[in-house]
Each structure stands twice: as C-alpha cells, then as structure tokens.
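Colleague: Sharing a structure, written as structure tokens. Questions coming.
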Amino acid sequence: MILEFFLISVMFIASALYAVYPLFQPAQALSSDVEIQETLHLKKRVFYQEIKELDIDYELGNISQEDYTIARDELKRSVSIVIKDIKQLNK
Amino acid sequence: MPIVGSVSLSLAFGFSILTLIVISLYLRTNDTRLMETGRRMSLIVSGLSLVATFVLLFELVTSNFDIDYVAHYTSFETPLLYKLSALWAGQAGSLLFWLAILSFYTIIVVLRYRFQHHSLMPWVIIILTTIQVFFLLLTVFVANPFGPTKADFVVQNGMGLNPLLQNVTMAIHPPTLYLGYVGFAIPFAFALASLITRDVNPMWIRSIRKWTLITWGWLTIGIILGGWWAYQELGWGGYWAWDPVENASFMPWLTGTALLHSIIIQEKKNMLRVWNMTLVIITFTLSIFGTFLTRSGVMSSVHSFAQSAIGPLFLYFIALILIVSFGLLFSRLSILKSEKRIESFTSRESGFLFNNVIFIVMCFTVFWGTIFPVLSEAVRGTKITVGAPFFNQVNIPIGLVLLFLTGVGPLLAWRKTSKTGFIRNFSIPLLAMVIALIVFMVIGYRGYTIVSFSLAAFVLSAITVEFARGISVRIRKQKENVFQALMAMVARNKGRYGGYVVHLGIVFMFIGFTGHAFDQEKEFGIKVGESEHIAGYDFELMSVQEEERPNHYAWIADIRVTDLEGEFVTRLVPEKRIYFYRDPNPNRQQPHSELSIYETVMKDIYSIFNGIESENQTAYFKIMVNPLVWWVWFGGYFMVFGTIIALWPNRKKVA
C-alpha cells in the first residue's frame with residue numbers, strides 16, 4: 001500500500017509540475033508568417049505533384065494534346081503565383 | 001497495484017477537464033504559455049490512460065483475481081498470450097483499450113504537429129480530449145476495469161477466457177480493428193477544427209489523407225483477420241456472416257473508402273469539400289456506433305440495452321457528435337462551396353463521385369439491415385431478424401457495380417477523357433471481359449458467378465494495361481529495363497500505383513467470394529476404419545485419440561483424405577475439446593471444435609469434429625469443400641501491400 005501511495009504521489013506531482021512549467025516561462029509571440037509559409041510551400045508541392053501526374057496521364061495517352069497544354073499552362077501559372085508569394089514573404 | 005490503475009484513470013479524467021479549460025483560456029487570451037500547458041496536459045491525460053492500461057495488463061498476467069474483470073476473463077490455466085488479449089475480451093477492458101489507442105494516437109498528433117497547424121491544433125486537442133473525456137467517464141464511473149470482485153470469499157481461480165477467443169488471430173484482430181476505428185477520430189478532429197476556425201486551406205487535408213489511409217489500412221487488416229478467425233475458428237465454413245459485429249466494422253470501412261477517393265479530388269481540385277466533411281463526420285460516428293453496437297447489448301435485446309448504463313450514454317454521445325458536427329457544417333456551407341464543377345461525365349472526378357455514391361448506398365443497406373431488428377423490437381415488440389440472404393441479395397449487385405468501377409476509374413483521365421483515349425483505354429479490358437464471359441458461359445456458369453468472373457477479368461486487364469503502358473513509356477524514354485521502369489514508375493507516384501495494387505487485391509477477393517457459389521458439404525458419423533465420400537474425395541477415419549492438456553481435454557481425429565484415383569491428398573486432424581473440464585459444475589464445461597483445414601489455391605477441404613459417441617465408438621464430422629477461399633486472403637495481402645506502397649514516405653532531397 002505504501003509503494004502504491006508513493007507511486008501515485010510521484011505520478012501526480014510529476015504530471016502537475018510538467019503541466020504548469022510553461023506558465024512560469026516568458027510568453028512567446030506566435031508568428032502567423034510561419035503558417036502562411038507552410039501553406040504556400042505545401043501548395044507548391046501539390047501543384048508540382050499535379051504537374052507530374054498530368055505528365056504521366058499525357059505520356060500514357062489518357063489526355064489529348066490540347067487538354068494537356070491548357071491544364072499544364074494553368075498549373076504552371078498557379079505555381080508561379082505561389083513561388084512569387086513565397087519570395088515576397090521571405091523579403 | 002489496481003489502485004494505481006484506478007487513480008491513474010481518475011487523474012486522467014481530472015487533467016482532461018483541465019486541458020479543456022486551459023486551451024479554452026488560450027483561445028480567449030492568445031497567451032502561448034497556456035497553449036503549451038494545454039498541450040502538455042493532453043500528453044499527461046494520454047500518458048495516464050496508458051499507465052492504467054498497462055496496470056490492467058499487469059493484473060491480468062499476474063492473475064490478480066481480487067479484480068472482478070481479471071477473475072471474469074482469465075484463469076491460472078489461461079496461456080500468457082490470451083491473458084494479454086483478455087484486455088479487450090470484456091466491456092470494461094475494451095473501453096479502456098479504446099481509450100488507450102485514442103491516447104496513443106493523441107500523443108502522436110500532439111508531438112507530430114507541434115509546429116504545424118497553429119490555428120487548428122488547439123481545437124484538434126480540444127476535440128480529441130472531449131472524446132477522451134467520454135471514454136474516461138465510462139471507465140471511471142460506469143465500467144471501471146479495476147472494480148473489486150463481488151464475492152465474500154477468496155477467489156481461488158478465475159473463470160477463464162471464452163475458448164473461441166483463445167486463438168492467435170483473435171489476439172491480433174481486435175487491436176488492428178480498434179486501431180482502425182479509433183484512428184478516424186484524428187481526421188474527425190481536424191475536420192471539425194477546420195470548420196470551427198473556417199480554415200479551408202489544403203494543408204490539413206493532406207495531413208488527414210495520410211491519417212485516413214493509415215486508419216483505413218488498420219481497419220482493412222482488422223476486418224480480414226476477423227474473417228480469417230471466423231473461418232478458422234467458428235466452424236460454419238464461411239468468413240463473413242453479416243452479423244452486427246462484422247457490419248459494425250464494415251460500415252466505417254465503406255465510408256472511409258469513399259472518403260479516401262473523394263479526398264483526392266479535394267486535394268487536387270479543391271472540390272467536394274462539403275461532401276468530404278460529411279464523410280469524415282459519418283465515418284467517425286459509425287466508428288462510435290460500431291462500439292455502441294458491440295458494447296451496449298442493444299443487439300441481443302432492446303431491453304438489455306435499456307438496462308445497461310453504457311448504451312444510453314453512447315447514444316447521447318453519438319447524438320452530440322451529429323448535432324455539433326452537422327450544425328457546424330451547415331453554418332459553414334457558404335465558405336465550403338466550391339466554384340469549380342466537374343467538367344465531364346468521362347472524367348476521373350465523376351468516376352470517383354459515382355463510386356462514392358455506390359459506397360454510401362451499400363453502407364446504408366448494411367446500416368438498415370443491422371438496425372432493423374432493433375427498430376422492429378422497439379416499435380412492434382417482436383424482433384424481426386435480418387439474415388445473410390437479405391444482405392447478399394442487396395449487396396452482391398452493388399458490390400459488382402463497385403468492382404466494375406474499380407476497373408473504370410484508372411482508365412479515366414482527370415478533367416476529361418478524350419474520345420480516342422477512351423477507345424484505346426477501354427478496348428483491351430472490354431475485350432478481356434467479353435472473352436471471359438464467353439468462356440465461362442461455355443463452361444456452364446450462370447448468374448452472378450459469370451458476371452463476377454467477367455468483371456474480374458475486366459479490372460485485372462485494366463490495371464495490367466495501366467502498369468504495362470507506364471512501364472513501356474519509361475522503357476522508351478528513360479531506356480530502363482522492365483524492373484527498373486516498374487520501380488521508378490511506382491516510386492514516382494506511390495499513391496496512384498499503391499491504389500492500383502489495392503484494387504488488384506479487391507479483384508482477388510471477389511474471385512474468392514465468387515467461389516462460395518460452388519461450396520459443397522456433408523455431415524456424417526463414422527467409426528475408425530470406415531470412410532465417406534464427398535466432392536471427389538474419400539475421407540477415411542484412421543484413429544481418434546484422447547489427450548489431457550493444461551486448459552482443456554481433447555479428442556483428436558486422424559482422417560486420411562484421398563482423391564478418386566486413390567492418391568493421397570492430405571491428413572486432417574480436427575479436434576473436439578472440452579474447456580474447463582475439471583470444473584465440478586458441468587454447465588461451466590465448454591465444448592469447442594478445433595478445425596482442420598487443407599488449403600490450396602483452388603479449394604479448401606474444411607473438417608469439423610462435431611462430437612463422439614463413446615458407446616458405439618462413432619465420431620461425427622462435417623466436411624466442406626470450399627473453392628477459391630485462398631484468394632480472399634491473397635487479396636487481403638495485396639490490399640495491405642498496396643496501402644504500404646501508398647503510405648511509403650518520399651525520399652528526402654539532399655540539398
């Protein structure tokens with residue numbers, strides 16, 4: 001019973017200390033830029049992946065030359081806008 | 001030691017309430033210290049829940065029969081593996097196990113996304129903690145697994161685990177199923193968080209797609225293992241009986257599969273956002289509903305449900321999830337509506353959408369068939385059972401349409417499939433289908449059998465053509481050999497080709513399901529030295545031996561199987577066992593048939609030892625010859641393999 005009481009006490013005290021520790025630290029400002037940058041990088045990756053898939057579809061003959069050109073140009077335009085936004089944010 | 005487990009759960013409950021308060025305060029004040037505290041508290045809640053789970057495992061292994069749960073589900077004779085698996089054998093243990101897995105997932109989410117999804121994470125933690133609060137409430141106040149034995153004497157030995165659960169597959173099946181069920185809480189938490197914060201950017205969608213795929217993979221493994229266990233252990237010769245417990249896992253699998261497809265459209269085209277939200281909510285609700293079905297007692301009787309404390313609480317929780325989730329969804333409809341429309345009927349988008357509709361229709365039929373007996377009992381007072389014939393009649397045609405779409409999807413291009421592309425892509429698969437149709441008609445197959453085999457030929461050739469075309473393009477352009485081209489092609493788009501491998505698995509499974517139409521069976525009694533004939537095989541009983549083992553008594557039959565030419569095929573050794581045979585109370589003795597199965601690619605020979613009459617030395621058997629069952633498990637391996645391919649991480653580029 002003593003061992004159990006000891007274990008429970010240790011568990012409770014350790015948990016409480018671990019939880020409240022940040023409250024005694026200085027507050028840090030949260031930069032929204034980080035999240036925007038993450039989103040933009042992800043968008044870029046998604047567009048690149050889409051271009052890759054479009055190329056595969058075209059190579060496999062699943063899509064006509066005309067549709068391929070239109071879709072690829074559209075994706076390239078989107079990717080360049082995202083890259084521009086990333087550059088602007090990094091300035 | 002049980003006090004440590006019990007207090008851990010109580011502490012976890014207290015900390016979970018504090019987590020909700022602290023993170024709510026962070027949302028009001030924006031003080032990041034509060035967020036960090038809330039995050040840590042969430043880790044503490046999960047850690048304490050895991051501590052409680054390990055304590056119960058320790059008590060089960062050390063046979064502490066002072067705990068009611070341990071005395072109910074284990075005994076000294078129970079082997080170690082089954083002492084561990086007793087954790088999820090009963091209600092209180094399985095609810096704790098649910099909580100443990102949720103806690104495990106929560107720890108991963110909290111640590112993994114520490115520096116990501118800043119606006120979503122407070123809400124994600126709040127939602128996951130709220131789910132934890134519900135399960136903590138159940139395990140602390142309603143079904144505490146650490147409750148003492150209700151006896152005024154010292155319990156010398158426990159009651160032991162149900163013999164049907166003393167099977168290796170059954171030791172693995174529930175954890176995998178739970179990993180699937182519970183995992184849907186993560187996409188749900190992200191989806192709800194995005195609704196609350198009005199965040200519709202594609203970042204969280206990518207995060208939850210991976211989670212959905214992992215969860216779906218576990219659920220798939222769980223369902224297949226469940227079928228495998230039923231086939232190996234239950235002794236009725238099948239692997240799927242459409243019983244409520246099976247349906248409970250199948251329904252979230254169906255909506256989860258629909259989600260896996262439609263989420264790709266949102267990721268690529270930013271369309272179907274409302275639909276995907278709906279699917280996430282329904283899938284998670286069905287996961288909770290599945291636990292409710294299996295744990296509330298509602299399926300055995302409406303009355304036992306009303307008397308159980310668990311049942312109504314689950315129902316309230318499900319109602320809360322639905323009201324809050326759909327309320328939020330309706331309030332956010334304006335920001336979720338997509339400006340884009342599906343451009344063509346012959347696009348992959350429309351193929352995905354159509355498959356989604358079919359999945360939902362199938363899910364609804366399963367749902368309706370599952371709850372109809374409960375509704376009939378509640379409304380009319382008499383239980384109307386809905387059996388396998390209903391489910392088969394409704395779901396076989398729906399399943400065949402799905403099989404057809406499995407082949408059609410990969411042949412369609414995004415946006416629009418050109419006319420020439422359409423003709424070129426479909427010509428070989430359609431030709432394969434027609435040839436298969438003619439061949440099987442000539443052989444003499446009819447009905448769904450012929451449709452299923454022909455569609456299997458269509459899908460197999462469609463996927464093969466996709467792989468072959470991709471490989472040939474790479475060979476032509478990159479000058480690679482076939483193997484290099486295959487590997488590079490798959491590595492370049494793991495999601496797509498992993499998906500195709502999963503589709504191959506589905507086809508193999510359908511081949512296995514179709515084999516059920518040709519099952520043969522016979523029940524008979526024979527003496528040693530006699531033989532019986534069924535489906536082109538002779539079964540000669542060579543001997544019946546008796547053996548006393550640690551936790552049961554067994555009669556072991558030795559059956560020699562030969563074919564029509566008298567050639568030796570195999571030996572079958574089915575057993576008849578009596579568990580708890582030392583128990584003075586004969587009602588506690590549990591008979592159990594341990595099957596012996598000879599498995600081949602073409603057919604299984606399945607033997608069940610029904611019983612033995614000592615007076616006239618006659619042993620009774622049921623023999624079944626089940627064609628193509630092997631393909632069901634083979635398809636399962638493909639599905640798992642395909643999921644692993646799709647989940648395989650991309651190699652990080654070295655700068």
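Quick note on naming: the chains in the structure tokens go A, B, ... in the order shown, residues restart at 1 in each chain, and ligands are numbered from 1 in order of appearance.
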Show me, as a list of chain:residue names, the residues that have an atom within 7 Å of region 56-65 of chain A when counting only C-alpha atoms, minus same-chain residues fewer than 2 positions from it.

Modeller: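 Neighbouring residues, sequence-local ones excluded: A:Lys52, A:Glu53, A:Leu54, A:Asp67, A:Tyr68, A:Thr69, B:Ala413, B:Thr417, B:Ser418, B:Gly421, B:Arg469, B:Gly470, B:Val473.
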
Colleague: Which of region 325-503 of chain B counts as alpha helix (DSSP H) under DSSP, as a PyMOL selection string please?

Modeller: chain B and resi 325-331+333-336+348-380+388-411+419-443+447-478+482-492+494-503

Colleague: Restrict the distance test to only C-alpha atoms, flag each residue of chain A within 8 Å of chain B, and return the flagged residues as an NGL selection string.

Modeller: :A and (4 or 7-8 or 12 or 15 or 18-23 or 25-30 or 35 or 38-39 or 42-43 or 46 or 50 or 53 or 56-57 or 59-64)

Colleague: Near region 534-536 of chain B, counting only C-alpha atoms, which residues have an atom at most 8 Å away, once you skip same-chain residues fewer than 4 positions from it, shown as a ChimeraX atom specification?

Modeller: /B:520-522,563-564,623,625

Colleague: Dump C-alpha atoms for the selected residues as a CSV table (one decimal), in the first residue's frame?

Modeller:
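Done, and the output landed in result_10.csv:
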chain,number,residue,atom,x,y,z
B,520,GLN,CA,-20.2,-28.5,-51.0
B,521,GLU,CA,-20.7,-30.0,-47.6
B,522,LYS,CA,-21.7,-33.3,-45.9
B,563,ASP,CA,-8.9,-38.5,-54.3
B,564,LEU,CA,-10.9,-40.5,-56.8
B,623,ILE,CA,-16.7,-31.9,-44.2
B,625,VAL,CA,-15.2,-28.3,-49.8

Colleague: In Å, how far is it from CA of Ser63 (chain B) to CA of Ala86 (chain B)?

Modeller: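 Interatomic distance here is 11.3 Å.
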
Colleague: For Gly227 (chain B), find every residue with an atom within 9 Å (counting only C-alpha atoms), except residues of its own chain fewer than 4 positions away, and show them as a list in words.

Modeller: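 So, after excluding close chain neighbours, the residues are Gly222, Ile223, Tyr231, Gln232, Gly238, Tyr239, Trp240 and Glu246 of chain B.
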
Colleague: Just write the chosen residues, all heavy atoms, as a tab-separated table (two decimals), in the first residue's frame.

Modeller:
chain	number	residue	atom	x	y	z
B	222	GLY	N	-7.94	-5.48	-39.84
B	222	GLY	CA	-8.82	-5.98	-38.78
B	222	GLY	C	-9.98	-6.77	-39.34
B	222	GLY	O	-10.31	-7.86	-38.83
B	223	ILE	N	-10.60	-6.25	-40.39
B	223	ILE	CA	-11.76	-6.94	-40.98
B	223	ILE	C	-11.33	-8.28	-41.59
B	223	ILE	O	-11.98	-9.31	-41.39
B	223	ILE	CB	-12.45	-6.03	-42.03
B	223	ILE	CG1	-13.12	-4.85	-41.33
B	223	ILE	CG2	-13.46	-6.82	-42.85
B	223	ILE	CD1	-13.67	-3.79	-42.26
B	231	TYR	N	-13.41	-18.03	-40.07
B	231	TYR	CA	-13.24	-19.20	-40.93
B	231	TYR	C	-12.47	-20.30	-40.21
B	231	TYR	O	-12.81	-21.48	-40.32
B	231	TYR	CB	-12.48	-18.76	-42.19
B	231	TYR	CG	-12.41	-19.81	-43.27
B	231	TYR	CD1	-13.55	-20.21	-43.96
B	231	TYR	CD2	-11.20	-20.39	-43.64
B	231	TYR	CE1	-13.49	-21.16	-44.96
B	231	TYR	CE2	-11.12	-21.33	-44.64
B	231	TYR	CZ	-12.27	-21.72	-45.30
B	231	TYR	OH	-12.21	-22.67	-46.28
B	232	GLN	N	-11.45	-19.91	-39.46
B	232	GLN	CA	-10.58	-20.90	-38.80
B	232	GLN	C	-11.17	-21.44	-37.50
B	232	GLN	O	-10.81	-22.52	-37.06
B	232	GLN	CB	-9.23	-20.25	-38.45
B	232	GLN	CG	-8.44	-19.76	-39.63
B	232	GLN	CD	-7.72	-20.87	-40.36
B	232	GLN	OE1	-7.33	-21.85	-39.75
B	232	GLN	NE2	-7.56	-20.73	-41.66
B	238	GLY	N	-17.63	-20.47	-43.31
B	238	GLY	CA	-17.58	-19.18	-44.01
B	238	GLY	C	-16.72	-18.19	-43.27
B	238	GLY	O	-16.19	-18.47	-42.19
B	239	TYR	N	-16.57	-17.02	-43.85
B	239	TYR	CA	-15.73	-15.98	-43.23
B	239	TYR	C	-16.51	-14.70	-43.02
B	239	TYR	O	-15.99	-13.76	-42.41
B	239	TYR	CB	-14.49	-15.71	-44.09
B	239	TYR	CG	-14.78	-15.73	-45.58
B	239	TYR	CD1	-15.33	-14.64	-46.21
B	239	TYR	CD2	-14.54	-16.88	-46.32
B	239	TYR	CE1	-15.63	-14.68	-47.55
B	239	TYR	CE2	-14.83	-16.93	-47.68
B	239	TYR	CZ	-15.38	-15.83	-48.29
B	239	TYR	OH	-15.69	-15.88	-49.61
B	240	TRP	N	-17.71	-14.62	-43.51
B	240	TRP	CA	-18.48	-13.38	-43.35
B	240	TRP	C	-19.95	-13.75	-43.23
B	240	TRP	O	-20.51	-14.37	-44.14
B	240	TRP	CB	-18.27	-12.45	-44.55
B	240	TRP	CG	-18.80	-11.08	-44.30
B	240	TRP	CD1	-19.99	-10.56	-44.69
B	240	TRP	CD2	-18.14	-10.03	-43.57
B	240	TRP	NE1	-20.14	-9.28	-44.25
B	240	TRP	CE2	-19.01	-8.92	-43.56
B	240	TRP	CE3	-16.91	-9.92	-42.92
B	240	TRP	CZ2	-18.68	-7.72	-42.93
B	240	TRP	CZ3	-16.59	-8.73	-42.30
B	240	TRP	CH2	-17.47	-7.64	-42.32
B	246	GLU	N	-19.70	-7.76	-37.29
B	246	GLU	CA	-18.97	-7.61	-38.56
B	246	GLU	C	-19.42	-6.34	-39.27
B	246	GLU	O	-18.59	-5.56	-39.77
B	246	GLU	CB	-19.24	-8.83	-39.45
B	246	GLU	CG	-18.58	-10.09	-38.96
B	246	GLU	CD	-19.05	-11.32	-39.72
B	246	GLU	OE1	-20.17	-11.31	-40.28
B	246	GLU	OE2	-18.32	-12.30	-39.75

Colleague: Rounded to one decimal in Å, what is the spacing between CA of Ile645 (chain B) and CA of Met170 (chain B)?

Modeller: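 The value is 26.5 Å.
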